[in-house]
Amino acid sequence: MSRIIMCCLLPLMWLSPLRGQVDERYSDRLILANGTKWSVDLRRSSPEELARSVTFTRPDGSSGSLTPDQAISFQFARSGRHYRSVAVDLPSSAASPNRAPRLRFGEVLASGDVELIKVALSTGEYDEQAADGEPYLYLLREGDIELVLRLSSIMVYERLHANPARFRNLLKFITRDCPAALALARTARFADADILRVLDAYADCDPHRSLTLDRSRLRGGVQLEHLARVFHLDIRDGDFSDRQLSAGLGYQAMARFTEGYRRLAVLASLDFVYHSFRWEGVSDVSQSMIRGNLSLGYSAVESQQYAVQLTAGLSNYNAFASGFRSFFSNNYFLLNGGANLRAGKWLLGLHYEYLPGQISRRPGNQLVTTLGYRVPL
């Protein structure tokens with residue numbers, strides 16, 4: 001009899017931990033507009049998508065999606081990221097600059113006596129023409145005061161530029177009675193860590209002021225930029241005559257650090273390259289190649305109008321169609337070094353590629369000129 005009981009209990013013992021694992025999947029929290037609380041599995045999506053709606057899966061396997069007028073807030077259990085429904089003034093359309101109140105989900109970065117909520121924006125809802133324009137804004141609240149921090153533009157010599165003075169003035173207004181926070185507000189950048197650092201100093205000025213924030217955000221992070229680009233490649237070796245056409249089209253990703261190491265960056269690119277040249281004055285040779293590059297960058301000069309970035313790395317060329325039959329002429333690595341000049345959303349690059357002791361039929365000295373444009377993804 002005891003054996004029969006044990007045989008019946010064993011499957012239940014195995015299923016009990018599995019049941020707990022299944023339940024953990026639905027540990028995210030969702031609060032509806034009527035106050036009902038649900039335990040769900042929230043879908044991870046882009047900030048722009050989360051601002052407009054949240055998609056989730058219920059424990060019974062059904063899925064749904066709610067907009068900011070249908071849900072008050074939601075929170076991811078694993079990361080602790082908390083979003084709340086807020087009203088912001090946004091353009092009614094890309095063609096109409098008139099602003100109207102719109103409901104959006106915003107991420108709560110700080111809560112307590114002072115609140116900071118970050119709202120991601122879509123194309124047409126922020127000033128894309130401003131240098132260093134960012135697709136988000138902040139709502140800063142203290143008591144009955146609510147301020148909107150956004151990166152605006154200013155016209156200088158008939159050109160639009162980012163104007164950080166406006167959002168800094170709002171930060172200075174909130175922190176006017178705290179010298180330490182006021183000093184930080186004067187030079188704050190339009191970024192999570194800088195603004196949170198100002199509020200953290202502001203909270204320290206008054207022991208009765210309550211503020212809760214994720215201190216890991218004060219260390220900053222990585223800001224990823226995407227660029228579509230074209231480039232011209234000039235082969236400098238004597239074996240290749242001036243009768244050459246070498247150009248490319250591709251994509252570049254740039255990961256920039258946002259805090260203590262903000263002058264450093266990692267650049268990676270993937271391009272299509274076409275070569276057509278006269279080989280040793282005898283025959284015409286063409287190559288269609290895939291070019292990859294991985295480089296480290298350092299911003300030697302930074303300003304609101306432009307920045308100069310020095311880079312060094314390695315380029316790899318792989319031909320998928322070529323007039324050369326040699327493997328080493330169609331697949332090779334070159335050292336790469338040069339500089340990028342940033343102006344607004346444009347990035348102009350000039351780089352030299354070189355490899356000592358190269359095979360005669362392989363380009364070993366190349367001047368690469370690139371022009372990239374930052375695109376939102």
# chains A, B, ... in the order shown; residues from 1 in each chain; ligands from 1

$ residues_around --residues "Leu50 in chain A" --least-positions-apart "6" --cutoff "9 Å" --atoms "only C-alpha atoms" --output "list in words"
Arg44, Tyr83, Arg104, Phe105, Gly106 and Ala120 of chain A

$ write_last_selection --atoms "N, CA, C and O atoms" --output "PDB file, in the first residue's frame"
ATOM      1  N   ARG A  44       8.767  42.652 -24.100  1.00  0.00           N
ATOM      2  CA  ARG A  44       9.838  43.646 -24.211  1.00  0.00           C
ATOM      3  C   ARG A  44       9.860  44.184 -25.632  1.00  0.00           C
ATOM      4  O   ARG A  44      10.073  43.424 -26.575  1.00  0.00           O
ATOM      5  N   TYR A  83       6.538  51.832 -15.529  1.00  0.00           N
ATOM      6  CA  TYR A  83       5.957  52.781 -16.471  1.00  0.00           C
ATOM      7  C   TYR A  83       4.602  53.248 -15.948  1.00  0.00           C
ATOM      8  O   TYR A  83       3.855  52.488 -15.331  1.00  0.00           O
ATOM      9  N   ARG A 104       0.535  58.979 -22.908  1.00  0.00           N
ATOM     10  CA  ARG A 104       1.656  58.106 -23.251  1.00  0.00           C
ATOM     11  C   ARG A 104       2.090  57.358 -21.990  1.00  0.00           C
ATOM     12  O   ARG A 104       1.880  57.831 -20.872  1.00  0.00           O
ATOM     13  N   PHE A 105       2.711  56.200 -22.176  1.00  0.00           N
ATOM     14  CA  PHE A 105       3.371  55.521 -21.075  1.00  0.00           C
ATOM     15  C   PHE A 105       4.774  56.092 -20.932  1.00  0.00           C
ATOM     16  O   PHE A 105       5.539  56.146 -21.903  1.00  0.00           O
ATOM     17  N   GLY A 106       5.124  56.529 -19.706  1.00  0.00           N
ATOM     18  CA  GLY A 106       6.454  57.051 -19.446  1.00  0.00           C
ATOM     19  C   GLY A 106       7.152  56.232 -18.376  1.00  0.00           C
ATOM     20  O   GLY A 106       6.514  55.734 -17.438  1.00  0.00           O
ATOM     21  N   ALA A 120       9.270  58.350 -24.261  1.00  0.00           N
ATOM     22  CA  ALA A 120       9.860  58.166 -25.593  1.00  0.00           C
ATOM     23  C   ALA A 120       8.926  58.759 -26.646  1.00  0.00           C
ATOM     24  O   ALA A 120       7.699  58.658 -26.548  1.00  0.00           O
TER      25      ALA A 120
END

$ closest_residue --among "A:Ala307, A:Leu90, A:Val375, A:Val198" --to "Leu348 in chain A" --atoms "only C-alpha atoms"
A:Ala307

$ residues_around --residues "range 108-118 of chain A" --least-positions-apart "5" --cutoff "9 Å" --atoms "only C-alpha atoms" --output "list in words"
Arg81, His82, Tyr83, Arg84, Val86, Tyr136, Leu137, Tyr138, Leu139, Leu140, Arg141, Glu142, Gly143, Asp192, Ile195, Leu196, Leu199, Ala203, Arg209, Ser210, Leu211, Thr212, Leu213, Asp214 and Arg217 of chain A

$ write_last_selection --atoms "C-alpha atoms" --output "PDB file, in the first residue's frame"
ATOM      1  CA  ARG A  81      11.420  49.143 -14.800  1.00  0.00           C
ATOM      2  CA  HIS A  82       8.191  50.955 -13.962  1.00  0.00           C
ATOM      3  CA  TYR A  83       5.957  52.781 -16.471  1.00  0.00           C
ATOM      4  CA  ARG A  84       3.027  55.100 -15.792  1.00  0.00           C
ATOM      5  CA  VAL A  86       0.959  60.423 -18.285  1.00  0.00           C
ATOM      6  CA  TYR A 136      12.356  61.618 -25.766  1.00  0.00           C
ATOM      7  CA  LEU A 137      11.364  64.199 -23.154  1.00  0.00           C
ATOM      8  CA  TYR A 138      11.165  64.280 -19.347  1.00  0.00           C
ATOM      9  CA  LEU A 139       8.326  65.266 -17.019  1.00  0.00           C
ATOM     10  CA  LEU A 140       9.700  66.759 -13.800  1.00  0.00           C
ATOM     11  CA  ARG A 141       7.194  67.081 -10.953  1.00  0.00           C
ATOM     12  CA  GLU A 142       7.388  68.532  -7.457  1.00  0.00           C
ATOM     13  CA  GLY A 143       4.146  69.202  -5.621  1.00  0.00           C
ATOM     14  CA  ASP A 192      19.161  60.212 -17.608  1.00  0.00           C
ATOM     15  CA  ILE A 195      19.400  64.872 -14.581  1.00  0.00           C
ATOM     16  CA  LEU A 196      19.154  62.173 -11.885  1.00  0.00           C
ATOM     17  CA  LEU A 199      17.881  65.499  -8.328  1.00  0.00           C
ATOM     18  CA  ALA A 203      17.264  65.563  -2.204  1.00  0.00           C
ATOM     19  CA  ARG A 209      12.758  65.434   1.194  1.00  0.00           C
ATOM     20  CA  SER A 210      12.069  61.882   0.010  1.00  0.00           C
ATOM     21  CA  LEU A 211      13.444  60.600  -3.296  1.00  0.00           C
ATOM     22  CA  THR A 212      13.744  57.072  -4.657  1.00  0.00           C
ATOM     23  CA  LEU A 213      15.844  56.334  -7.737  1.00  0.00           C
ATOM     24  CA  ASP A 214      17.871  53.529  -9.259  1.00  0.00           C
ATOM     25  CA  ARG A 217      21.572  54.763 -13.571  1.00  0.00           C
TER      26      ARG A 217
END

$ closest_residue --among "A:Leu121, A:Leu171, A:Gly313, A:Asp194" --to "Glu49 in chain A" --atoms "only C-alpha atoms"
A:Leu121

$ residues_around --residues "range 175-178 of chain A" --least-positions-apart "2" --cutoff "10 Å" --atoms "only C-alpha atoms" --output "list in words"
Asn169, Leu170, Leu171, Lys172, Phe173, Ala180, Ala181, Leu182, Ala183, Leu184, Ala185, Val198, Leu199, Ala201, Tyr202, Ala203, Asp204, Cys205 and Asp206 of chain A

$ select_by_dssp --residues "range 191-356 of chain A" --states "strand (DSSP E or B)" --output "number ranges by chain"
A: 211-213, 222-235, 240-257, 264-279, 283-302, 306-322, 331-343, 346-354

$ atom_distance --atom1 "CA of Pro91 in chain A" --atom2 "CA of Pro135 in chain A"
13.4 Å

$ residues_around --residues "Leu371 in chain A" --least-positions-apart "2" --cutoff "6 Å" --atoms "only C-alpha atoms" --output "PDB file with N, CA, C and O atoms, in the first residue's frame"
ATOM      1  N   ARG A 229      25.422  55.101 -44.711  1.00  0.00           N
ATOM      2  CA  ARG A 229      26.547  55.874 -45.243  1.00  0.00           C
ATOM      3  C   ARG A 229      26.963  55.430 -46.633  1.00  0.00           C
ATOM      4  O   ARG A 229      26.689  54.309 -47.071  1.00  0.00           O
ATOM      5  N   VAL A 230      27.612  56.338 -47.325  1.00  0.00           N
ATOM      6  CA  VAL A 230      28.257  56.065 -48.606  1.00  0.00           C
ATOM      7  C   VAL A 230      29.735  56.419 -48.445  1.00  0.00           C
ATOM      8  O   VAL A 230      30.098  57.231 -47.585  1.00  0.00           O
ATOM      9  N   LEU A 347      27.994  62.653 -40.372  1.00  0.00           N
ATOM     10  CA  LEU A 347      29.303  62.193 -39.911  1.00  0.00           C
ATOM     11  C   LEU A 347      30.211  62.022 -41.133  1.00  0.00           C
ATOM     12  O   LEU A 347      29.973  61.157 -41.985  1.00  0.00           O
ATOM     13  N   LEU A 348      31.220  62.871 -41.223  1.00  0.00           N
ATOM     14  CA  LEU A 348      32.185  62.824 -42.325  1.00  0.00           C
ATOM     15  C   LEU A 348      33.471  62.178 -41.824  1.00  0.00           C
ATOM     16  O   LEU A 348      34.031  62.615 -40.815  1.00  0.00           O
TER      17      LEU A 348
END

$ atom_distance --atom1 "CA of Gly357 in chain A" --atom2 "CA of Gly337 in chain A"
17.9 Å

$ closest_residue --among "A:Asp237, A:Arg150, A:Ser79, A:Glu134" --to "Ser216 in chain A" --atoms "only C-alpha atoms"
A:Ser79

$ atom_distance --atom1 "CA of Arg291 in chain A" --atom2 "CA of Leu233 in chain A"
11.5 Å

$ residues_around --residues "Thr67 in chain A" --least-positions-apart "3" --cutoff "8 Å" --atoms "only C-alpha atoms" --output "ChimeraX atom specification"
/A:52-54,70-71,104

$ closest_residue --among "A:Phe324, A:Arg29, A:Lys37, A:Val266" --to "Gly80 in chain A" --atoms "only C-alpha atoms"
A:Arg29

$ closest_residue --among "A:Asn163, A:Ser63, A:Ile174, A:Thr36" --to "Arg189 in chain A" --atoms "only C-alpha atoms"
A:Asn163

$ select_by_dssp --residues "range 22-243 of chain A" --states "alpha helix (DSSP H)" --output "PyMOL selection string"
chain A and resi 22-24+47-52+165-174+179-186+192-204

$ closest_residue --among "A:Arg215, A:Arg362, A:Lys345, A:His232" --to "Asp271 in chain A" --atoms "only C-alpha atoms"
A:His232

$ residues_around --residues "Phe231 in chain A" --least-positions-apart "4" --cutoff "7 Å" --atoms "only C-alpha atoms" --output "PyMOL selection string"
chain A and resi 247-249+368-371
